[in-house]
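Reproduced below: protein-v1.txt, with compact mmCIF, C-alpha atoms and all ligand atoms.
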```
# COMPACT_ATOMS: atom_id res chain seq x y z
CA MET A 1 120.46 -21.13 -7.01
CA THR A 2 121.05 -24.34 -5.05
CA GLN A 3 121.23 -26.37 -8.26
CA ALA A 4 123.86 -24.03 -9.72
CA LEU A 5 125.89 -24.08 -6.49
CA GLN A 6 125.71 -27.88 -6.40
CA GLN A 7 126.88 -28.13 -10.02
CA ALA A 8 129.81 -25.83 -9.25
CA GLY A 9 130.72 -27.94 -6.20
CA ILE A 10 130.22 -25.06 -3.76
CA ALA A 11 128.98 -26.01 -0.29
CA TYR A 12 125.72 -24.42 0.84
CA ARG A 13 122.90 -24.73 3.37
CA GLU A 14 119.29 -23.73 3.04
CA GLY A 15 117.37 -21.89 5.78
CA GLU A 16 120.53 -21.32 7.80
CA PRO A 17 119.88 -19.20 10.95
CA LEU A 18 122.03 -16.06 10.95
CA SER A 19 121.87 -16.01 14.75
CA ARG A 20 124.44 -18.85 14.58
CA HIS A 21 126.82 -16.72 12.56
CA THR A 22 126.69 -13.38 14.40
CA THR A 23 128.34 -12.49 17.70
CA MET A 24 125.14 -10.70 18.81
CA GLY A 25 123.32 -14.01 18.36
CA VAL A 26 120.14 -12.60 16.84
CA GLY A 27 118.69 -12.87 13.36
CA GLY A 28 116.45 -15.13 11.34
CA ALA A 29 117.45 -17.49 8.54
CA ALA A 30 119.17 -16.85 5.24
CA ALA A 31 117.30 -18.50 2.37
CA VAL A 32 120.62 -19.92 1.12
CA MET A 33 124.06 -19.66 2.69
CA ALA A 34 127.04 -20.54 0.48
CA PHE A 35 130.47 -21.46 1.85
CA PRO A 36 133.14 -20.89 -0.83
CA ARG A 37 136.47 -22.47 0.17
CA SER A 38 138.81 -20.34 -1.94
CA PRO A 39 138.91 -17.04 -3.83
CA GLU A 40 138.12 -19.01 -7.01
CA GLU A 41 134.97 -20.48 -5.43
CA LEU A 42 134.07 -17.04 -4.10
CA ARG A 43 134.27 -15.65 -7.60
CA ALA A 44 132.22 -18.56 -9.00
CA THR A 45 129.56 -17.98 -6.31
CA LEU A 46 129.29 -14.30 -7.25
CA GLU A 47 129.06 -15.18 -10.93
CA ILE A 48 126.21 -17.61 -10.22
CA ARG A 49 124.49 -14.89 -8.25
CA ALA A 50 124.93 -12.41 -11.09
CA ASP A 51 123.58 -14.86 -13.69
CA LEU A 52 120.47 -15.44 -11.58
CA GLN A 53 120.20 -11.78 -10.54
CA ALA A 54 119.63 -12.97 -6.96
CA PRO A 55 120.04 -10.50 -4.09
CA HIS A 56 122.96 -11.32 -1.82
CA ARG A 57 125.20 -10.22 1.08
CA VAL A 58 128.73 -11.10 2.06
CA LEU A 59 129.27 -12.37 5.62
CA GLY A 60 132.52 -12.40 7.57
CA GLY A 61 132.67 -13.19 11.28
CA GLY A 62 129.31 -11.51 11.91
CA SER A 63 130.86 -9.40 14.68
CA ASN A 64 129.52 -6.07 13.45
CA LEU A 65 126.02 -7.13 12.50
CA VAL A 66 122.47 -7.05 13.77
CA VAL A 67 120.25 -9.21 11.53
CA ALA A 68 116.47 -8.80 11.57
CA ASP A 69 114.33 -11.51 13.16
CA GLU A 70 112.53 -12.23 9.87
CA GLY A 71 115.83 -13.21 8.24
CA LEU A 72 116.79 -12.65 4.62
CA ASP A 73 115.22 -14.09 1.51
CA GLU A 74 118.64 -13.83 -0.12
CA LEU A 75 121.91 -15.61 -0.79
CA VAL A 76 124.40 -15.03 2.02
CA VAL A 77 127.99 -15.69 0.98
CA ASN A 78 129.78 -16.85 4.12
CA THR A 79 133.57 -16.45 3.82
CA GLU A 80 134.46 -18.53 6.91
CA SER A 81 136.02 -21.39 4.90
CA MET A 82 138.46 -19.05 3.08
CA ARG A 83 141.05 -18.62 5.78
CA ALA A 84 144.55 -19.24 4.41
CA VAL A 85 147.29 -16.94 5.74
CA THR A 86 150.87 -16.81 4.43
CA ILE A 87 153.74 -14.84 5.95
CA GLY A 88 156.69 -14.09 3.67
CA GLU A 89 160.28 -13.79 4.85
CA ASP A 90 160.12 -10.05 4.11
CA GLY A 91 157.11 -9.51 6.43
CA ARG A 92 154.48 -9.46 3.70
CA VAL A 93 151.44 -11.21 5.06
CA THR A 94 148.60 -12.24 2.78
CA ALA A 95 145.35 -13.43 4.31
CA GLU A 96 142.20 -14.66 2.61
CA GLY A 97 139.03 -12.69 3.30
CA GLY A 98 137.60 -15.18 5.78
CA ALA A 99 140.75 -15.54 7.90
CA ASN A 100 140.12 -14.66 11.54
CA LEU A 101 141.72 -11.30 12.39
CA ILE A 102 142.75 -12.16 15.97
CA ARG A 103 144.35 -15.44 14.88
CA THR A 104 146.20 -13.60 12.11
CA VAL A 105 147.49 -11.02 14.61
CA LEU A 106 148.73 -13.77 16.95
CA GLN A 107 150.29 -15.70 14.08
CA THR A 108 152.23 -12.64 12.86
CA THR A 109 153.32 -11.36 16.28
CA ARG A 110 154.48 -14.84 17.35
CA ALA A 111 156.55 -14.98 14.16
CA GLY A 112 158.14 -11.64 15.17
CA TRP A 113 156.31 -9.27 12.83
CA ARG A 114 155.10 -5.90 14.05
CA GLY A 115 152.20 -3.89 12.60
CA LEU A 116 148.95 -5.68 13.45
CA GLU A 117 149.31 -5.96 17.23
CA SER A 118 146.82 -3.16 18.08
CA ALA A 119 144.09 -5.23 16.38
CA VAL A 120 144.56 -8.19 18.72
CA GLY A 121 141.15 -7.99 20.38
CA ILE A 122 139.04 -7.22 17.32
CA PRO A 123 136.87 -10.21 16.41
CA GLY A 124 135.74 -11.04 12.89
CA SER A 125 137.43 -11.67 9.59
CA ILE A 126 140.11 -9.99 7.52
CA GLY A 127 137.52 -9.10 4.86
CA GLY A 128 135.16 -7.54 7.39
CA ALA A 129 138.08 -5.63 8.93
CA ALA A 130 138.99 -4.23 5.51
CA VAL A 131 135.45 -3.13 4.67
CA MET A 132 134.97 -1.58 8.12
CA ASN A 133 138.57 -0.31 8.26
CA ALA A 134 138.62 -1.83 11.72
CA GLY A 135 141.09 -0.62 14.30
CA ALA A 136 141.76 0.44 17.85
CA TYR A 137 144.06 2.68 19.86
CA GLY A 138 144.83 4.95 16.90
CA PHE A 139 145.47 2.07 14.50
CA SER A 140 143.34 1.18 11.47
CA ILE A 141 143.90 -1.86 9.26
CA SER A 142 144.37 0.41 6.20
CA ASP A 143 147.59 1.73 7.86
CA VAL A 144 149.44 -1.50 6.99
CA MET A 145 147.50 -2.65 3.93
CA THR A 146 149.46 -2.72 0.68
CA GLU A 147 147.15 -4.73 -1.58
CA ILE A 148 143.56 -5.85 -1.55
CA THR A 149 141.75 -8.10 -3.98
CA VAL A 150 138.05 -7.42 -4.28
CA TYR A 151 135.50 -9.16 -6.48
CA ASP A 152 132.60 -7.00 -7.43
CA GLU A 153 129.12 -8.40 -7.23
CA ASP A 154 129.45 -9.90 -10.72
CA GLY A 155 132.70 -11.64 -9.76
CA GLN A 156 135.03 -9.28 -11.64
CA ARG A 157 138.38 -8.90 -9.92
CA THR A 158 139.76 -5.50 -9.01
CA GLU A 159 143.10 -4.87 -7.34
CA PRO A 160 143.10 -1.24 -6.44
CA PRO A 161 145.81 -0.49 -3.88
CA GLU A 162 144.66 3.10 -3.43
CA GLY A 163 141.24 2.93 -5.04
CA TRP A 164 139.09 2.34 -1.96
CA ARG A 165 138.57 5.34 0.26
CA PHE A 166 139.44 4.09 3.73
CA ARG A 167 138.21 6.35 6.50
CA TYR A 168 137.33 6.07 10.19
CA ARG A 169 135.47 2.72 10.44
CA GLY A 170 134.54 2.58 6.81
CA SER A 171 135.65 2.32 3.20
CA SER A 172 134.16 2.75 -0.25
CA ILE A 173 134.07 -1.03 -0.87
CA PRO A 174 130.41 -1.35 -1.88
CA GLU A 175 127.96 -3.74 -0.29
CA GLY A 176 127.81 -6.90 -2.34
CA ALA A 177 131.48 -6.77 -3.36
CA ALA A 178 133.69 -9.33 -1.64
CA VAL A 179 137.20 -9.02 -0.26
CA ALA A 180 139.01 -12.14 -1.46
CA SER A 181 142.36 -11.35 0.17
CA LEU A 182 144.43 -8.62 1.73
CA THR A 183 148.18 -8.11 1.89
CA ALA A 184 149.94 -6.10 4.60
CA GLN A 185 153.58 -5.15 4.96
CA LEU A 186 154.86 -5.71 8.51
CA GLU A 187 158.14 -4.76 10.18
CA ARG A 188 160.57 -6.93 12.12
CA GLY A 189 159.87 -6.87 15.85
CA ASP A 190 160.89 -8.63 19.02
CA THR A 191 158.60 -11.60 19.83
CA GLU A 192 158.79 -11.01 23.60
CA ASP A 193 157.94 -7.31 23.28
CA LEU A 194 155.08 -8.17 20.95
CA ALA A 195 153.76 -10.85 23.31
CA GLU A 196 153.84 -8.33 26.17
CA GLU A 197 152.07 -5.67 24.09
CA THR A 198 149.32 -8.01 22.90
CA ARG A 199 148.78 -9.23 26.48
CA ALA A 200 148.50 -5.64 27.71
CA ILE A 201 145.99 -4.75 24.98
CA GLY A 202 143.94 -7.86 25.85
CA ASN A 203 143.89 -6.87 29.53
CA ARG A 204 142.91 -3.30 28.71
CA ARG A 205 140.04 -4.53 26.55
CA ARG A 206 138.80 -6.98 29.16
CA ALA A 207 138.81 -4.21 31.77
CA THR A 208 136.77 -1.77 29.68
CA GLN A 209 134.52 -3.87 27.43
CA PRO A 210 131.68 -6.23 28.30
CA GLY A 211 131.87 -9.95 27.67
CA GLY A 212 128.88 -11.90 26.41
CA ARG A 213 127.10 -11.56 23.13
CA ASN A 214 127.39 -8.18 21.44
CA ALA A 215 128.44 -6.57 18.17
CA GLY A 216 131.09 -4.19 19.45
CA CYS A 217 130.48 -0.44 19.53
CA VAL A 218 126.97 0.36 18.38
CA PHE A 219 127.65 3.97 17.35
CA LYS A 220 130.63 5.71 15.75
CA ASN A 221 132.16 8.43 17.84
CA PRO A 222 130.81 11.79 16.62
CA PRO A 223 133.51 14.14 15.23
CA GLU A 224 133.81 16.19 18.43
CA GLY A 225 132.85 13.64 21.04
CA HIS A 226 132.61 10.19 22.47
CA ALA A 227 129.44 8.16 21.94
CA GLY A 228 129.87 5.98 25.07
CA ARG A 229 130.47 8.92 27.42
CA THR A 230 127.47 10.81 26.02
CA ILE A 231 125.18 7.79 26.53
CA ASP A 232 126.61 7.19 30.01
CA ALA A 233 126.06 10.85 30.98
CA LEU A 234 122.36 10.40 30.20
CA GLY A 235 122.17 7.54 32.72
CA LEU A 236 121.37 4.95 30.09
CA LYS A 237 123.75 2.20 31.26
CA GLY A 238 121.64 -0.78 32.26
CA ARG A 239 118.65 0.41 30.18
CA ARG A 240 116.97 -2.68 28.77
CA ARG A 241 114.42 -3.95 26.31
CA GLY A 242 113.57 -7.62 26.64
CA LYS A 243 116.88 -9.44 26.97
CA ALA A 244 118.89 -6.65 25.35
CA VAL A 245 120.69 -4.26 27.69
CA VAL A 246 122.96 -1.21 27.41
CA SER A 247 126.11 -2.59 28.97
CA PRO A 248 126.72 -1.35 32.51
CA ARG A 249 130.44 -1.58 31.72
CA HIS A 250 130.57 0.37 28.44
CA ALA A 251 127.56 2.45 27.37
CA ASN A 252 128.29 2.12 23.65
CA PHE A 253 127.71 -1.67 23.77
CA VAL A 254 124.35 -3.43 23.67
CA VAL A 255 124.54 -6.95 25.08
CA ASN A 256 122.25 -9.87 24.37
CA GLU A 257 121.82 -11.44 27.80
CA GLY A 258 120.47 -14.63 26.20
CA GLY A 259 117.28 -14.94 24.21
CA ALA A 260 117.13 -11.33 22.97
CA THR A 261 115.45 -10.73 19.62
CA ALA A 262 116.69 -8.38 16.93
CA ALA A 263 113.58 -6.29 17.67
CA ASP A 264 114.77 -5.93 21.30
CA VAL A 265 118.27 -4.90 20.19
CA LEU A 266 117.14 -2.51 17.46
CA GLY A 267 114.42 -1.00 19.64
CA LEU A 268 116.94 -0.29 22.39
CA ILE A 269 119.43 1.20 19.92
CA GLU A 270 116.75 3.50 18.52
CA GLU A 271 115.72 4.56 22.02
CA VAL A 272 119.32 5.46 22.91
CA ARG A 273 119.75 7.38 19.67
CA GLU A 274 116.52 9.27 20.29
CA ARG A 275 117.49 10.14 23.88
CA VAL A 276 120.90 11.43 22.75
CA ARG A 277 119.31 13.47 19.96
CA ALA A 278 116.75 15.01 22.32
CA ALA A 279 119.31 15.84 25.03
CA THR A 280 122.26 17.02 22.94
CA GLY A 281 121.10 17.54 19.37
CA VAL A 282 123.77 15.05 18.24
CA GLU A 283 122.65 12.48 15.65
CA LEU A 284 124.64 9.35 16.44
CA GLU A 285 125.63 7.32 13.39
CA LEU A 286 125.49 3.53 13.57
CA GLU A 287 128.79 1.66 13.53
CA VAL A 288 127.02 -1.74 13.52
CA LYS A 289 125.44 -2.79 10.25
CA VAL A 290 121.79 -3.75 10.25
CA TRP A 291 120.67 -6.43 7.80
CA GLY A 292 116.96 -6.60 7.18
CA PRO A 293 114.61 -7.20 4.29
CA ARG A 294 115.27 -4.66 1.54
CA SER A 295 112.42 -2.26 1.04
C1 LIG B 301 133.54 -7.59 21.45
C2 LIG B 301 133.76 -6.79 20.19
C3 LIG B 301 134.75 -5.85 20.14
C4 LIG B 301 134.97 -5.10 18.98
N1 LIG B 301 135.98 -4.18 18.96
C5 LIG B 301 136.22 -3.49 17.83
C6 LIG B 301 137.32 -2.55 17.79
O1 LIG B 301 138.04 -2.35 18.74
N2 LIG B 301 137.52 -1.90 16.62
C7 LIG B 301 136.75 -2.09 15.50
O2 LIG B 301 137.02 -1.48 14.45
N3 LIG B 301 135.71 -2.96 15.53
C8 LIG B 301 135.44 -3.67 16.65
N4 LIG B 301 134.39 -4.55 16.68
C9 LIG B 301 133.50 -4.66 15.50
C10 LIG B 301 133.88 -5.76 14.50
O3 LIG B 301 134.65 -6.75 15.14
C11 LIG B 301 134.65 -5.22 13.30
O4 LIG B 301 133.90 -4.25 12.61
C12 LIG B 301 135.05 -6.33 12.34
O5 LIG B 301 136.07 -5.86 11.50
C13 LIG B 301 133.90 -6.86 11.50
O6 LIG B 301 134.37 -8.00 10.78
P1 LIG B 301 133.43 -9.23 10.47
O7 LIG B 301 134.19 -10.18 9.62
O8 LIG B 301 132.85 -9.78 11.71
O9 LIG B 301 132.31 -8.51 9.59
P2 LIG B 301 130.76 -8.84 9.55
O10 LIG B 301 130.14 -8.44 10.84
O11 LIG B 301 130.54 -10.22 9.07
O12 LIG B 301 130.28 -7.82 8.41
C14 LIG B 301 130.42 -6.42 8.60
C15 LIG B 301 130.35 -5.77 7.21
O13 LIG B 301 131.49 -6.20 6.45
C16 LIG B 301 131.06 -6.86 5.25
N5 LIG B 301 131.99 -7.97 4.99
C17 LIG B 301 132.40 -8.94 5.85
N6 LIG B 301 133.31 -9.74 5.24
C18 LIG B 301 133.43 -9.27 3.98
C19 LIG B 301 134.21 -9.67 2.84
N7 LIG B 301 135.06 -10.71 2.85
N8 LIG B 301 134.08 -8.95 1.70
C20 LIG B 301 133.25 -7.89 1.64
N9 LIG B 301 132.47 -7.47 2.66
C21 LIG B 301 132.58 -8.16 3.82
C22 LIG B 301 129.64 -7.32 5.51
O14 LIG B 301 128.93 -7.45 4.29
C23 LIG B 301 129.13 -6.20 6.40
O15 LIG B 301 128.72 -5.12 5.60
C24 LIG B 301 134.15 -5.31 17.83
C25 LIG B 301 133.15 -6.29 17.88
C26 LIG B 301 132.94 -7.03 19.04
C27 LIG B 301 131.88 -8.08 19.05
```
Show how you would write the structure in this file as structure tokens.
Amino acid sequence: MTQALQQAGIAYREGEPLSRHTTMGVGGAAAVMAFPRSPEELRATLEIRADLQAPHRVLGGGSNLVVADEGLDELVVNTESMRAVTIGEDGRVTAEGGANLIRTVLQTTRAGWRGLESAVGIPGSIGGAAVMNAGAYGFSISDVMTEITVYDEDGQRTEPPEGWRFRYRGSSIPEGAAVASLTAQLERGDTEDLAEETRAIGNRRRATQPGGRNAGCVFKNPPEGHAGRTIDALGLKGRRRGKAVVSPRHANFVVNEGGATAADVLGLIEEVRERVRAATGVELELEVKVWGPRS
């Protein structure tokens, strides 16, 4: 693998700790982490992987991930170096998969384009946002998306505008495929109004969400309910395992207070899920993705 990456001129590191690349800050090492710098290098990386039949994952900003302590004996394709964003005069914005979502929101709103502002506090990459159909306050990224370029795990390009089934915090983009770029159509807006709106959203988030190391909401809201309120009603805020704690500010967040292991985080998540199941009969579904050795 490393020889093929080297020959193709694609940057990589061996034994790279995933805890350095996830907002939760837990997780062992990836056997090999590749850093393609463009959609072309992304495609070449996936083709190398396919030729060698090596297992792999695609990593964005790591803001929705809990990675197991034992790490992954796999290739991890890190998209962080693919971050070009272009804004057309007609409000069409095209961002590479690794572009940071918050920076893209600020770049577009400061240029007077409306459409992405509700996503201002959502960390991670454009590609991760597409796969997760990230959103907030009634907005989802698929609302403004007009095109998406995805390479499947063999590196074949597909450009299905309507092909991927975007739903609440998810899509049908399969694991192993990689979002190379996304295009959104934005509308003209007033820069001062947009600045005010993004400031207000930032303040609202800071008032309701914990700081520190976490991976956002742990569970999806069940169809007829609210995961955080259900967990709170069971008195689980502040519940801890090792250095992992159910946030006292927002019960649907687990925070790594510093030095938590993935086992702490996952154990606590399982305990919360079990307590909710026992008390209410509701089976909470994970919103965070868990990466561990494949069985
Ligand atoms: C403090 C905090 C607040 C948050 N608030 C919100 C919120 O309000 N709304 C919300 O929706 N989410 C929220 N999140 C969760 C998270 O930010 C989003 O799910 C985000 O879109 C994940 O993007 P990422 O690049 O970090 O993905 P990662 O965590 O790197 O990966 C998540 C999944 O996406 C896949 N993936 C990543 N990049 C690509 C790519 N280029 N191609 C193919 N697959 C890819 C990965 O394989 C993985 O399956 C929050 C997280 C934190 C830490």
Expressed in Å to a single decimal, how great is the separation between CA of Ile173 in chain A and CA of Leu101 in chain A?
18.4 Å
Near range 188-192 of chain A, counting only C-alpha atoms, which residues have an atom at most 6 Å away, once you skip same-chain residues fewer than 3 positions from it, shown as a tab-separated table (two decimals) with C-alpha atoms, keeping the file's coordinate frame?
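Wrote it out as out.tsv, contents follow:
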```
chain	number	residue	atom	x	y	z
A	110	ARG	CA	154.48	-14.84	17.35
A	112	GLY	CA	158.14	-11.64	15.17
A	113	TRP	CA	156.31	-9.27	12.83
A	114	ARG	CA	155.10	-5.90	14.05
A	195	ALA	CA	153.76	-10.85	23.31
```
Suppose you want the space between CA of Ser247 in chain A and CA of Ala215 in chain A; what is it in Å?
11.7 Å
Within 8 Å of Thr86 in chain A, counting all atoms listed in the file, which residues show up once you throw out same-chain ones fewer than 5 positions away? Write them as a ChimeraX atom specification, please.
/A:93-95
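Considering the residues A:Glu96, A:Glu147, A:Glu41, A:Asp69 and counting only C-alpha atoms and all ligand atoms, ligand LIG 301 (chain B) has its shortest atom-to-atom contact with A:Glu96.
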